[in-house]
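Coordinates from protein-v2.txt are shown below (compact mmCIF, N, CA and C atoms).
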# COMPACT_ATOMS: atom_id res chain seq x y z
N ILE A 1 -2.23 13.66 1.18
CA ILE A 1 -2.96 14.88 0.84
C ILE A 1 -2.00 16.04 1.10
N GLY A 2 -1.67 16.75 0.04
CA GLY A 2 -0.66 17.78 0.19
C GLY A 2 0.64 17.15 0.65
N ASP A 3 1.22 17.69 1.69
CA ASP A 3 2.45 17.13 2.26
C ASP A 3 2.16 16.19 3.43
N GLU A 4 0.90 16.01 3.76
CA GLU A 4 0.54 15.19 4.92
C GLU A 4 0.68 13.71 4.58
N LYS A 5 1.34 12.98 5.48
CA LYS A 5 1.50 11.53 5.32
C LYS A 5 0.41 10.84 6.15
N ILE A 6 -0.40 10.03 5.46
CA ILE A 6 -1.56 9.41 6.09
C ILE A 6 -1.42 7.89 6.01
N LEU A 7 -1.63 7.24 7.14
CA LEU A 7 -1.66 5.79 7.20
C LEU A 7 -3.12 5.37 7.32
N LEU A 8 -3.59 4.59 6.36
CA LEU A 8 -4.96 4.08 6.37
C LEU A 8 -4.90 2.61 6.75
N MET A 9 -5.66 2.24 7.77
CA MET A 9 -5.63 0.85 8.23
C MET A 9 -7.00 0.43 8.75
N HIS A 10 -7.21 -0.86 8.82
CA HIS A 10 -8.48 -1.38 9.31
C HIS A 10 -8.66 -1.02 10.78
N GLY A 11 -7.64 -1.21 11.57
CA GLY A 11 -7.71 -0.87 12.99
C GLY A 11 -7.79 -2.06 13.91
N ASP A 12 -8.16 -3.23 13.39
CA ASP A 12 -8.31 -4.38 14.29
C ASP A 12 -6.98 -4.81 14.90
N GLN A 13 -5.88 -4.56 14.22
CA GLN A 13 -4.59 -4.94 14.78
C GLN A 13 -4.17 -4.05 15.94
N LEU A 14 -4.89 -2.96 16.17
CA LEU A 14 -4.61 -2.07 17.30
C LEU A 14 -5.36 -2.47 18.56
N CYS A 15 -6.32 -3.38 18.43
CA CYS A 15 -7.16 -3.79 19.57
C CYS A 15 -6.54 -5.00 20.27
N THR A 16 -5.35 -4.82 20.77
CA THR A 16 -4.58 -5.95 21.30
C THR A 16 -5.05 -6.42 22.68
N ASP A 17 -5.92 -5.67 23.33
CA ASP A 17 -6.46 -6.14 24.61
C ASP A 17 -7.54 -7.21 24.41
N ASP A 18 -8.08 -7.27 23.22
CA ASP A 18 -9.11 -8.27 22.89
C ASP A 18 -8.40 -9.53 22.39
N LEU A 19 -7.93 -10.32 23.33
CA LEU A 19 -7.12 -11.51 22.99
C LEU A 19 -7.90 -12.53 22.18
N GLU A 20 -9.18 -12.69 22.49
CA GLU A 20 -10.02 -13.63 21.75
C GLU A 20 -10.10 -13.23 20.27
N TYR A 21 -10.31 -11.94 20.02
CA TYR A 21 -10.40 -11.46 18.64
C TYR A 21 -9.05 -11.61 17.94
N GLN A 22 -7.96 -11.27 18.63
CA GLN A 22 -6.64 -11.37 18.01
C GLN A 22 -6.32 -12.81 17.61
N SER A 23 -6.74 -13.77 18.42
CA SER A 23 -6.55 -15.18 18.08
C SER A 23 -7.36 -15.56 16.84
N LEU A 24 -8.62 -15.13 16.79
CA LEU A 24 -9.47 -15.38 15.63
C LEU A 24 -8.87 -14.73 14.39
N ARG A 25 -8.42 -13.49 14.53
CA ARG A 25 -7.82 -12.76 13.40
C ARG A 25 -6.61 -13.52 12.84
N LYS A 26 -5.78 -14.02 13.73
CA LYS A 26 -4.59 -14.77 13.30
C LYS A 26 -5.01 -16.01 12.52
N ASN A 27 -6.02 -16.72 13.00
CA ASN A 27 -6.49 -17.93 12.30
C ASN A 27 -7.09 -17.59 10.94
N LEU A 28 -7.96 -16.59 10.89
CA LEU A 28 -8.63 -16.24 9.64
C LEU A 28 -7.67 -15.73 8.58
N ARG A 29 -6.57 -15.16 8.99
CA ARG A 29 -5.60 -14.61 8.04
C ARG A 29 -4.50 -15.62 7.66
N SER A 30 -4.58 -16.80 8.23
CA SER A 30 -3.56 -17.81 7.89
C SER A 30 -3.85 -18.39 6.50
N ARG A 31 -2.80 -18.69 5.80
CA ARG A 31 -2.93 -19.24 4.45
C ARG A 31 -3.67 -20.58 4.48
N VAL A 32 -3.43 -21.40 5.49
CA VAL A 32 -4.09 -22.70 5.59
C VAL A 32 -5.60 -22.51 5.70
N TRP A 33 -6.04 -21.62 6.61
CA TRP A 33 -7.48 -21.40 6.79
C TRP A 33 -8.09 -20.84 5.50
N GLN A 34 -7.42 -19.86 4.90
CA GLN A 34 -7.96 -19.22 3.70
C GLN A 34 -8.05 -20.20 2.53
N ASN A 35 -7.01 -21.03 2.35
CA ASN A 35 -7.06 -22.03 1.27
C ASN A 35 -8.19 -23.03 1.50
N ASN A 36 -8.36 -23.45 2.73
CA ASN A 36 -9.45 -24.38 3.07
C ASN A 36 -10.81 -23.73 2.80
N PHE A 37 -10.95 -22.49 3.23
CA PHE A 37 -12.20 -21.75 3.03
C PHE A 37 -12.51 -21.58 1.55
N LEU A 38 -11.52 -21.18 0.77
CA LEU A 38 -11.72 -20.93 -0.65
C LEU A 38 -11.94 -22.20 -1.45
N SER A 39 -11.61 -23.34 -0.89
CA SER A 39 -11.85 -24.60 -1.59
C SER A 39 -13.30 -25.06 -1.48
N LYS A 40 -14.08 -24.39 -0.65
CA LYS A 40 -15.48 -24.76 -0.44
C LYS A 40 -16.37 -24.09 -1.49
N THR A 41 -17.56 -24.60 -1.61
CA THR A 41 -18.52 -24.00 -2.54
C THR A 41 -18.97 -22.64 -2.02
N LEU A 42 -19.56 -21.85 -2.90
CA LEU A 42 -20.06 -20.54 -2.50
C LEU A 42 -21.12 -20.68 -1.41
N LYS A 43 -21.97 -21.67 -1.52
CA LYS A 43 -23.01 -21.90 -0.51
C LYS A 43 -22.37 -22.21 0.85
N GLU A 44 -21.34 -23.06 0.87
CA GLU A 44 -20.66 -23.39 2.13
C GLU A 44 -19.97 -22.17 2.72
N ARG A 45 -19.32 -21.38 1.85
CA ARG A 45 -18.63 -20.18 2.34
C ARG A 45 -19.62 -19.17 2.90
N THR A 46 -20.78 -19.04 2.28
CA THR A 46 -21.80 -18.13 2.78
C THR A 46 -22.29 -18.58 4.15
N LEU A 47 -22.52 -19.88 4.32
CA LEU A 47 -22.94 -20.41 5.63
C LEU A 47 -21.88 -20.14 6.70
N ILE A 48 -20.63 -20.38 6.36
CA ILE A 48 -19.53 -20.15 7.30
C ILE A 48 -19.46 -18.66 7.67
N ALA A 49 -19.54 -17.79 6.66
CA ALA A 49 -19.48 -16.35 6.91
C ALA A 49 -20.63 -15.90 7.82
N ASN A 50 -21.82 -16.39 7.56
CA ASN A 50 -22.97 -16.04 8.40
C ASN A 50 -22.79 -16.53 9.83
N GLN A 51 -22.25 -17.73 9.97
CA GLN A 51 -21.99 -18.29 11.31
C GLN A 51 -20.94 -17.45 12.04
N LEU A 52 -19.88 -17.09 11.35
CA LEU A 52 -18.84 -16.27 11.97
C LEU A 52 -19.38 -14.91 12.39
N ARG A 53 -20.23 -14.31 11.57
CA ARG A 53 -20.84 -13.01 11.93
C ARG A 53 -21.71 -13.15 13.18
N ALA A 54 -22.51 -14.21 13.23
CA ALA A 54 -23.38 -14.43 14.39
C ALA A 54 -22.55 -14.64 15.65
N GLU A 55 -21.48 -15.41 15.53
CA GLU A 55 -20.59 -15.64 16.68
C GLU A 55 -19.91 -14.35 17.10
N SER A 56 -19.56 -13.51 16.14
CA SER A 56 -18.92 -12.23 16.45
C SER A 56 -19.87 -11.32 17.23
N VAL A 57 -21.12 -11.25 16.79
CA VAL A 57 -22.12 -10.44 17.48
C VAL A 57 -22.31 -10.93 18.91
N ALA A 58 -22.40 -12.24 19.08
CA ALA A 58 -22.57 -12.82 20.42
C ALA A 58 -21.35 -12.54 21.29
N ALA A 59 -20.15 -12.71 20.74
CA ALA A 59 -18.93 -12.48 21.51
C ALA A 59 -18.81 -11.01 21.90
N THR A 60 -19.14 -10.12 20.98
CA THR A 60 -19.05 -8.68 21.26
C THR A 60 -19.99 -8.28 22.39
N SER A 61 -21.16 -8.89 22.44
CA SER A 61 -22.13 -8.54 23.49
C SER A 61 -21.65 -8.96 24.87
N ARG A 62 -20.73 -9.91 24.95
CA ARG A 62 -20.22 -10.39 26.24
C ARG A 62 -18.98 -9.65 26.72
N LYS A 63 -18.37 -8.86 25.85
CA LYS A 63 -17.09 -8.23 26.19
C LYS A 63 -17.28 -6.85 26.79
N ASP A 64 -16.32 -6.47 27.63
CA ASP A 64 -16.30 -5.13 28.17
C ASP A 64 -16.06 -4.15 27.03
N TYR A 65 -16.68 -3.00 27.11
CA TYR A 65 -16.57 -1.96 26.10
C TYR A 65 -15.10 -1.56 25.88
N GLU A 66 -14.36 -1.43 26.96
CA GLU A 66 -12.97 -0.96 26.88
C GLU A 66 -12.05 -1.94 26.17
N ILE A 67 -12.30 -3.22 26.31
CA ILE A 67 -11.41 -4.22 25.71
C ILE A 67 -11.50 -4.20 24.19
N MET A 68 -12.58 -3.66 23.65
CA MET A 68 -12.77 -3.64 22.20
C MET A 68 -12.27 -2.35 21.56
N ASP A 69 -11.63 -1.49 22.34
CA ASP A 69 -11.05 -0.27 21.79
C ASP A 69 -9.57 -0.51 21.52
N ILE A 70 -8.94 0.45 20.86
CA ILE A 70 -7.52 0.26 20.58
C ILE A 70 -6.71 0.38 21.86
N ASN A 71 -5.56 -0.24 21.85
CA ASN A 71 -4.60 -0.12 22.94
C ASN A 71 -3.66 1.03 22.57
N ASN A 72 -3.61 2.07 23.41
CA ASN A 72 -2.81 3.25 23.08
C ASN A 72 -1.33 2.93 22.91
N ASN A 73 -0.80 2.03 23.73
CA ASN A 73 0.61 1.67 23.59
C ASN A 73 0.87 0.96 22.26
N THR A 74 -0.06 0.12 21.83
CA THR A 74 0.07 -0.53 20.52
C THR A 74 0.03 0.51 19.42
N PHE A 75 -0.86 1.49 19.55
CA PHE A 75 -0.95 2.55 18.56
C PHE A 75 0.36 3.33 18.47
N ILE A 76 0.91 3.69 19.60
CA ILE A 76 2.16 4.46 19.63
C ILE A 76 3.29 3.66 19.00
N GLU A 77 3.38 2.38 19.33
CA GLU A 77 4.42 1.53 18.74
C GLU A 77 4.25 1.41 17.23
N LYS A 78 3.01 1.27 16.77
CA LYS A 78 2.74 1.18 15.33
C LYS A 78 3.20 2.47 14.64
N CYS A 79 2.92 3.62 15.24
CA CYS A 79 3.33 4.89 14.64
C CYS A 79 4.84 5.02 14.54
N LYS A 80 5.55 4.47 15.50
CA LYS A 80 7.01 4.55 15.48
C LYS A 80 7.61 3.73 14.34
N ASN A 81 6.83 2.79 13.79
CA ASN A 81 7.31 1.96 12.68
C ASN A 81 7.26 2.68 11.34
N TYR A 82 6.62 3.83 11.29
CA TYR A 82 6.46 4.57 10.04
C TYR A 82 7.19 5.90 10.14
N ALA A 83 7.73 6.34 9.02
CA ALA A 83 8.51 7.58 9.01
C ALA A 83 7.60 8.80 9.01
N LYS A 84 7.57 9.48 10.12
CA LYS A 84 6.91 10.78 10.23
C LYS A 84 5.50 10.83 9.67
N ILE A 85 4.64 9.90 10.09
CA ILE A 85 3.25 9.98 9.66
C ILE A 85 2.57 11.11 10.43
N ASP A 86 1.59 11.71 9.79
CA ASP A 86 0.85 12.81 10.42
C ASP A 86 -0.51 12.36 10.93
N THR A 87 -1.11 11.41 10.22
CA THR A 87 -2.47 11.01 10.52
C THR A 87 -2.63 9.51 10.31
N VAL A 88 -3.37 8.88 11.22
CA VAL A 88 -3.77 7.48 11.06
C VAL A 88 -5.29 7.46 11.00
N ILE A 89 -5.82 6.87 9.95
CA ILE A 89 -7.27 6.72 9.80
C ILE A 89 -7.59 5.24 9.90
N HIS A 90 -8.51 4.90 10.79
CA HIS A 90 -8.86 3.49 10.96
C HIS A 90 -10.34 3.32 11.29
N GLY A 91 -10.78 2.11 11.08
CA GLY A 91 -12.13 1.72 11.45
C GLY A 91 -12.06 0.68 12.55
N HIS A 92 -12.91 -0.29 12.46
CA HIS A 92 -13.02 -1.46 13.35
C HIS A 92 -13.74 -1.16 14.66
N THR A 93 -13.35 -0.12 15.38
CA THR A 93 -13.97 0.12 16.69
C THR A 93 -15.28 0.89 16.59
N HIS A 94 -15.49 1.61 15.50
CA HIS A 94 -16.72 2.37 15.25
C HIS A 94 -16.98 3.43 16.32
N ARG A 95 -15.92 4.07 16.79
CA ARG A 95 -16.04 5.10 17.82
C ARG A 95 -15.59 6.43 17.22
N GLN A 96 -16.44 7.01 16.44
CA GLN A 96 -16.11 8.19 15.64
C GLN A 96 -15.55 9.32 16.50
N LYS A 97 -14.27 9.62 16.25
CA LYS A 97 -13.63 10.68 17.01
C LYS A 97 -12.27 10.97 16.39
N ILE A 98 -11.79 12.19 16.57
CA ILE A 98 -10.45 12.57 16.16
C ILE A 98 -9.62 12.76 17.43
N HIS A 99 -8.58 11.98 17.56
CA HIS A 99 -7.68 12.01 18.72
C HIS A 99 -6.37 12.66 18.29
N THR A 100 -5.66 13.26 19.23
CA THR A 100 -4.34 13.81 18.95
C THR A 100 -3.34 13.24 19.95
N TYR A 101 -2.20 12.81 19.43
CA TYR A 101 -1.12 12.24 20.23
C TYR A 101 0.16 13.03 19.96
N ASN A 102 1.04 13.08 20.94
CA ASN A 102 2.38 13.60 20.74
C ASN A 102 3.32 12.42 20.86
N ILE A 103 3.88 12.00 19.73
CA ILE A 103 4.76 10.83 19.69
C ILE A 103 6.09 11.28 19.10
N ASN A 104 7.15 11.12 19.87
CA ASN A 104 8.48 11.55 19.42
C ASN A 104 8.47 13.00 18.94
N HIS A 105 7.79 13.85 19.70
CA HIS A 105 7.70 15.29 19.41
C HIS A 105 6.95 15.58 18.12
N LEU A 106 6.15 14.64 17.66
CA LEU A 106 5.31 14.85 16.49
C LEU A 106 3.85 14.78 16.93
N ASN A 107 3.03 15.70 16.45
CA ASN A 107 1.60 15.63 16.71
C ASN A 107 0.98 14.74 15.64
N ILE A 108 0.40 13.65 16.08
CA ILE A 108 -0.21 12.68 15.16
C ILE A 108 -1.70 12.61 15.47
N LYS A 109 -2.51 12.75 14.42
CA LYS A 109 -3.96 12.59 14.56
C LYS A 109 -4.32 11.13 14.35
N ARG A 110 -5.21 10.63 15.19
CA ARG A 110 -5.80 9.30 14.99
C ARG A 110 -7.28 9.53 14.76
N ILE A 111 -7.72 9.17 13.57
CA ILE A 111 -9.12 9.39 13.22
C ILE A 111 -9.82 8.03 13.21
N ASP A 112 -10.74 7.88 14.15
CA ASP A 112 -11.50 6.65 14.32
C ASP A 112 -12.83 6.85 13.58
N LEU A 113 -13.03 6.07 12.54
CA LEU A 113 -14.25 6.20 11.73
C LEU A 113 -15.45 5.63 12.48
N GLY A 114 -16.59 6.19 12.23
CA GLY A 114 -17.80 5.77 12.91
C GLY A 114 -18.43 4.52 12.31
N SER A 115 -19.53 4.15 12.86
CA SER A 115 -20.28 2.98 12.41
C SER A 115 -21.26 3.39 11.33
N TRP A 116 -21.46 2.53 10.38
CA TRP A 116 -22.44 2.79 9.32
C TRP A 116 -23.86 2.48 9.79
N HIS A 117 -24.00 1.94 10.98
CA HIS A 117 -25.32 1.56 11.50
C HIS A 117 -26.14 2.78 11.92
N GLN A 118 -25.49 3.92 12.18
CA GLN A 118 -26.21 5.12 12.60
C GLN A 118 -26.45 6.08 11.44
N GLY A 119 -26.34 5.63 10.23
CA GLY A 119 -26.52 6.48 9.06
C GLY A 119 -25.21 6.63 8.32
N LEU A 120 -25.28 7.21 7.14
CA LEU A 120 -24.10 7.34 6.30
C LEU A 120 -23.28 8.54 6.75
N THR A 121 -22.18 8.27 7.42
CA THR A 121 -21.23 9.29 7.84
C THR A 121 -19.90 8.97 7.19
N TYR A 122 -19.22 9.99 6.71
CA TYR A 122 -17.93 9.76 6.08
C TYR A 122 -16.97 10.86 6.51
N LEU A 123 -15.70 10.61 6.26
CA LEU A 123 -14.65 11.54 6.60
C LEU A 123 -14.28 12.35 5.37
N TYR A 124 -14.25 13.67 5.53
CA TYR A 124 -13.84 14.55 4.44
C TYR A 124 -12.47 15.12 4.76
N LEU A 125 -11.54 14.98 3.83
CA LEU A 125 -10.19 15.52 3.97
C LEU A 125 -9.80 16.24 2.70
N ASP A 126 -9.16 17.38 2.86
CA ASP A 126 -8.53 18.02 1.71
C ASP A 126 -7.27 18.72 2.21
N ASP A 127 -6.53 19.34 1.32
CA ASP A 127 -5.27 19.96 1.72
C ASP A 127 -5.44 21.38 2.25
N LYS A 128 -6.68 21.85 2.40
CA LYS A 128 -6.92 23.21 2.89
C LYS A 128 -7.49 23.27 4.29
N SER A 129 -8.29 22.27 4.65
CA SER A 129 -8.91 22.28 5.98
C SER A 129 -8.61 20.97 6.69
N GLY A 130 -8.89 20.93 7.97
CA GLY A 130 -8.66 19.72 8.73
C GLY A 130 -9.71 18.66 8.43
N PRO A 131 -9.54 17.49 8.99
CA PRO A 131 -10.52 16.42 8.79
C PRO A 131 -11.87 16.79 9.38
N GLU A 132 -12.92 16.36 8.70
CA GLU A 132 -14.27 16.67 9.16
C GLU A 132 -15.19 15.49 8.87
N PHE A 133 -15.99 15.12 9.86
CA PHE A 133 -16.98 14.08 9.65
C PHE A 133 -18.21 14.71 9.01
N MET A 134 -18.70 14.09 7.96
CA MET A 134 -19.86 14.59 7.24
C MET A 134 -20.96 13.53 7.32
N THR A 135 -22.21 13.98 7.30
CA THR A 135 -23.33 13.06 7.31
C THR A 135 -24.17 13.31 6.06
N GLN A 136 -24.49 12.24 5.36
CA GLN A 136 -25.31 12.35 4.17
C GLN A 136 -26.77 12.31 4.58
N ALA A 137 -27.52 13.27 4.11
CA ALA A 137 -28.96 13.34 4.45
C ALA A 137 -29.76 12.33 3.67
Reformat the file's structure so that it appears as C-alpha cells.
Amino acid sequence: IGDEKILLMHGDQLCTDDLEYQSLRKNLRSRVWQNNFLSKTLKERTLIANQLRAESVAATSRKDYEIMDINNNTFIEKCKNYAKIDTVIHGHTHRQKIHTYNINHLNIKRIDLGSWHQGLTYLYLDDKSGPEFMTQA
C-alpha cells in the first residue's frame, strides 16, 4: 500500500512455544500426509477434518493462554528475513491488537487480527491513514 511493505501471513508459524501445535502443523503440511488425505473420499476427509477440529478445541482448552501466542523472538527473527518490511499482518492467535516493534532501527507494526467469533471485524488499510479495525453492524 503506497510505499509500505506488508507481509501477510497466517501466524501459526510464529507460535513456536506451542510445541504440540508445531508438531501437528509439520505433519499436516507434509506431502505424505496431504497425499494420503487427498486420496480419501470426500466423506472420509470431512470426518477427518471434523475430528481434527474437535481435537484442536480440546487441546486448546488445556493449554496456557500464553503458550498459544506468538513468540516475540521468533517474530523478530522472521522480520529479519525480509528486506525492510513495515507491517506484518497475521491471524491464528485471534488477539486483535496493533503492536509496534523496533527491529534493526526500523519501526515495524505487527497487526494481530481478531476472531470472527465475536462478530465481523476487519482491518482497514489505505495509503492515507494508519491501520484501523472496523466492525460491521
| message | For the strand (DSSP E or B) assignment from backbone DSSP, which residues of chain A qualify? Please present them as a PyMOL selection string. | response | chain A and resi 6-9+87-90+97-103+106-112+121-124+132-135
| query | Quick one: distance from CA of Ile76 in chain A to CA of Gly11 in chain A in Å, one decimal? | reply | 13.0 Å
Selection: 8 Å around Thr121 in chain A, only N, CA and C atoms, excl. self and same-chain fewer than 4 positions, as a PDB file with N, CA and C atoms, in the frame of the given file:
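Dumped everything to result-v4.pdb:
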ATOM      1  N   LEU A 113     -13.030   6.070  12.540  1.00  0.00           N
ATOM      2  CA  LEU A 113     -14.250   6.200  11.730  1.00  0.00           C
ATOM      3  C   LEU A 113     -15.450   5.630  12.480  1.00  0.00           C
ATOM      4  N   GLY A 114     -16.590   6.190  12.230  1.00  0.00           N
ATOM      5  CA  GLY A 114     -17.800   5.770  12.910  1.00  0.00           C
ATOM      6  C   GLY A 114     -18.430   4.520  12.310  1.00  0.00           C
ATOM      7  N   SER A 115     -19.530   4.150  12.860  1.00  0.00           N
ATOM      8  CA  SER A 115     -20.280   2.980  12.410  1.00  0.00           C
ATOM      9  C   SER A 115     -21.260   3.390  11.330  1.00  0.00           C
ATOM     10  N   TRP A 116     -21.460   2.530  10.380  1.00  0.00           N
ATOM     11  CA  TRP A 116     -22.440   2.790   9.320  1.00  0.00           C
ATOM     12  C   TRP A 116     -23.860   2.480   9.790  1.00  0.00           C
ATOM     13  N   HIS A 117     -24.000   1.940  10.980  1.00  0.00           N
ATOM     14  CA  HIS A 117     -25.320   1.560  11.500  1.00  0.00           C
ATOM     15  C   HIS A 117     -26.140   2.780  11.920  1.00  0.00           C
ATOM     16  N   PHE A 133     -15.990  15.120   9.860  1.00  0.00           N
ATOM     17  CA  PHE A 133     -16.980  14.080   9.650  1.00  0.00           C
ATOM     18  C   PHE A 133     -18.210  14.710   9.010  1.00  0.00           C
ATOM     19  N   MET A 134     -18.700  14.090   7.960  1.00  0.00           N
ATOM     20  CA  MET A 134     -19.860  14.590   7.240  1.00  0.00           C
ATOM     21  C   MET A 134     -20.960  13.530   7.320  1.00  0.00           C
ATOM     22  N   THR A 135     -22.210  13.980   7.300  1.00  0.00           N
ATOM     23  CA  THR A 135     -23.330  13.060   7.310  1.00  0.00           C
ATOM     24  C   THR A 135     -24.170  13.310   6.060  1.00  0.00           C
ATOM     25  N   GLN A 136     -24.490  12.240   5.360  1.00  0.00           N
ATOM     26  CA  GLN A 136     -25.310  12.350   4.170  1.00  0.00           C
ATOM     27  C   GLN A 136     -26.770  12.310   4.580  1.00  0.00           C
TER      28      GLN A 136
END
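When only N, CA and C atoms are used to compute distances to Asp86 in chain A, the closest of the residues A:Leu42, A:Ile108, A:Ala49, A:Leu19 turns out to be A:Ile108.
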Per-axis box centre and lengths in Å around range 63-80 of chain A, 5 Å margin per side, axis-aligned, as AutoDock Vina command-line options:
--center_x -5.4 --center_y -1.9 --center_z 21.3 --size_x 36.0 --size_y 23.9 --size_z 23.8
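The shortest atom-to-atom distance to Glu77 in chain A, with only C-alpha atoms taken into account, belongs to A:Asn104 out of A:Asn104, A:Gln22, A:Thr46, A:Ser129.
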| Residue among A:Leu14, A:Ile85, A:Ile111, A:Met9 lying closest to Tyr124 in chain A, counting only C-alpha atoms |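 Comparing A:Leu14, A:Ile85, A:Ile111, A:Met9 against Tyr124 in chain A, the winner is A:Ile111.
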| request: Please run DSSP on the backbone and report, as a ChimeraX atom specification, all residues within range 39-115 of chain A that come out as helix (DSSP H, G or I). | output: /A:42-62,66-68,72-80
| Which one of A:Ser56, A:Thr100, A:Thr74, A:Asn107 sits closest to Glu20 in chain A if you count only C-alpha atoms? | A:Ser56
| Interatomic distance, atom C of Thr16 in chain A to atom C of His92 in chain A (Å, one decimal) |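 Interatomic distance, atom C of Thr16 in chain A to atom C of His92 in chain A: 12.9 Å.
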| field | Between CA of Arg25 in chain A and CA of Lys40 in chain A - distance in Å to one decimal | value | 19.9 Å
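The nearest approach to His90 in chain A among the residues A:Asn36, A:Lys78, A:Asp112, A:Leu123, with all atoms listed in the file taken into account, belongs to A:Asp112.
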| request: Between A:Asp127, A:Ala54, A:Leu106, A:Lys97, single out the one closest to Ala83 in chain A, counting only C-alpha atoms. | output: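 Distance minimum relative to Ala83 in chain A lands on A:Leu106.
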| request: Extract, using all atoms listed in the file, all DNA, RNA and protein residues at most 7 Å from Cys15 in chain A, discarding same-chain residues fewer than 5 positions from it, and format them as a count of residues only. | output: 6
Please return, as a JSON list (two decimals) with N, CA and C atoms, in the frame of the given file, all polymer residues that have at least one atom within 6 Å of the point (-4.5, 9.1, 14.0); use only C-alpha atoms and the file's own coordinate frame.
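And here is the file that came out, result_39.json:
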[["chain", "number", "residue", "atom", "x", "y", "z"],
["A", 87, "THR", "N", -1.11, 11.41, 10.22],
["A", 87, "THR", "CA", -2.47, 11.01, 10.52],
["A", 87, "THR", "C", -2.63, 9.51, 10.31],
["A", 88, "VAL", "N", -3.37, 8.88, 11.22],
["A", 88, "VAL", "CA", -3.77, 7.48, 11.06],
["A", 88, "VAL", "C", -5.29, 7.46, 11.00],
["A", 89, "ILE", "N", -5.82, 6.87, 9.95],
["A", 89, "ILE", "CA", -7.27, 6.72, 9.80],
["A", 89, "ILE", "C", -7.59, 5.24, 9.90],
["A", 108, "ILE", "N", 0.40, 13.65, 16.08],
["A", 108, "ILE", "CA", -0.21, 12.68, 15.16],
["A", 108, "ILE", "C", -1.70, 12.61, 15.47],
["A", 109, "LYS", "N", -2.51, 12.75, 14.42],
["A", 109, "LYS", "CA", -3.96, 12.59, 14.56],
["A", 109, "LYS", "C", -4.32, 11.13, 14.35],
["A", 110, "ARG", "N", -5.21, 10.63, 15.19],
["A", 110, "ARG", "CA", -5.80, 9.30, 14.99],
["A", 110, "ARG", "C", -7.28, 9.53, 14.76],
["A", 111, "ILE", "N", -7.72, 9.17, 13.57],
["A", 111, "ILE", "CA", -9.12, 9.39, 13.22],
["A", 111, "ILE", "C", -9.82, 8.03, 13.21]]
Since the input is missing atoms, can you rebuild all heavy atoms for range 130-134 of chain A and write them as a compact mmCIF listing (two decimals), in the frame of the given file?
# COMPACT_ATOMS: atom_id res chain seq x y z
N GLY A 130 -8.89 20.93 7.97
CA GLY A 130 -8.66 19.72 8.73
C GLY A 130 -9.71 18.66 8.43
O GLY A 130 -10.67 18.90 7.70
N PRO A 131 -9.54 17.49 8.99
CA PRO A 131 -10.52 16.42 8.79
C PRO A 131 -11.87 16.79 9.38
O PRO A 131 -11.95 17.46 10.40
CB PRO A 131 -9.91 15.23 9.51
CG PRO A 131 -8.98 15.81 10.50
CD PRO A 131 -8.49 17.11 9.93
N GLU A 132 -12.92 16.36 8.70
CA GLU A 132 -14.27 16.67 9.16
C GLU A 132 -15.19 15.49 8.87
O GLU A 132 -15.16 14.93 7.78
CB GLU A 132 -14.77 17.91 8.42
CG GLU A 132 -16.11 18.39 8.86
CD GLU A 132 -16.56 19.64 8.10
OE1 GLU A 132 -15.80 20.15 7.25
OE2 GLU A 132 -17.69 20.08 8.34
N PHE A 133 -15.99 15.12 9.86
CA PHE A 133 -16.98 14.08 9.65
C PHE A 133 -18.21 14.71 9.01
O PHE A 133 -18.68 15.76 9.45
CB PHE A 133 -17.37 13.40 10.97
CG PHE A 133 -16.29 12.53 11.53
CD1 PHE A 133 -15.61 12.89 12.68
CD2 PHE A 133 -15.95 11.34 10.89
CE1 PHE A 133 -14.61 12.08 13.20
CE2 PHE A 133 -14.94 10.54 11.40
CZ PHE A 133 -14.28 10.90 12.55
N MET A 134 -18.70 14.09 7.96
CA MET A 134 -19.86 14.59 7.24
C MET A 134 -20.96 13.53 7.32
O MET A 134 -20.66 12.34 7.36
CB MET A 134 -19.52 14.84 5.77
CG MET A 134 -18.27 15.68 5.55
SD MET A 134 -18.47 17.39 6.00
CE MET A 134 -19.27 18.01 4.55
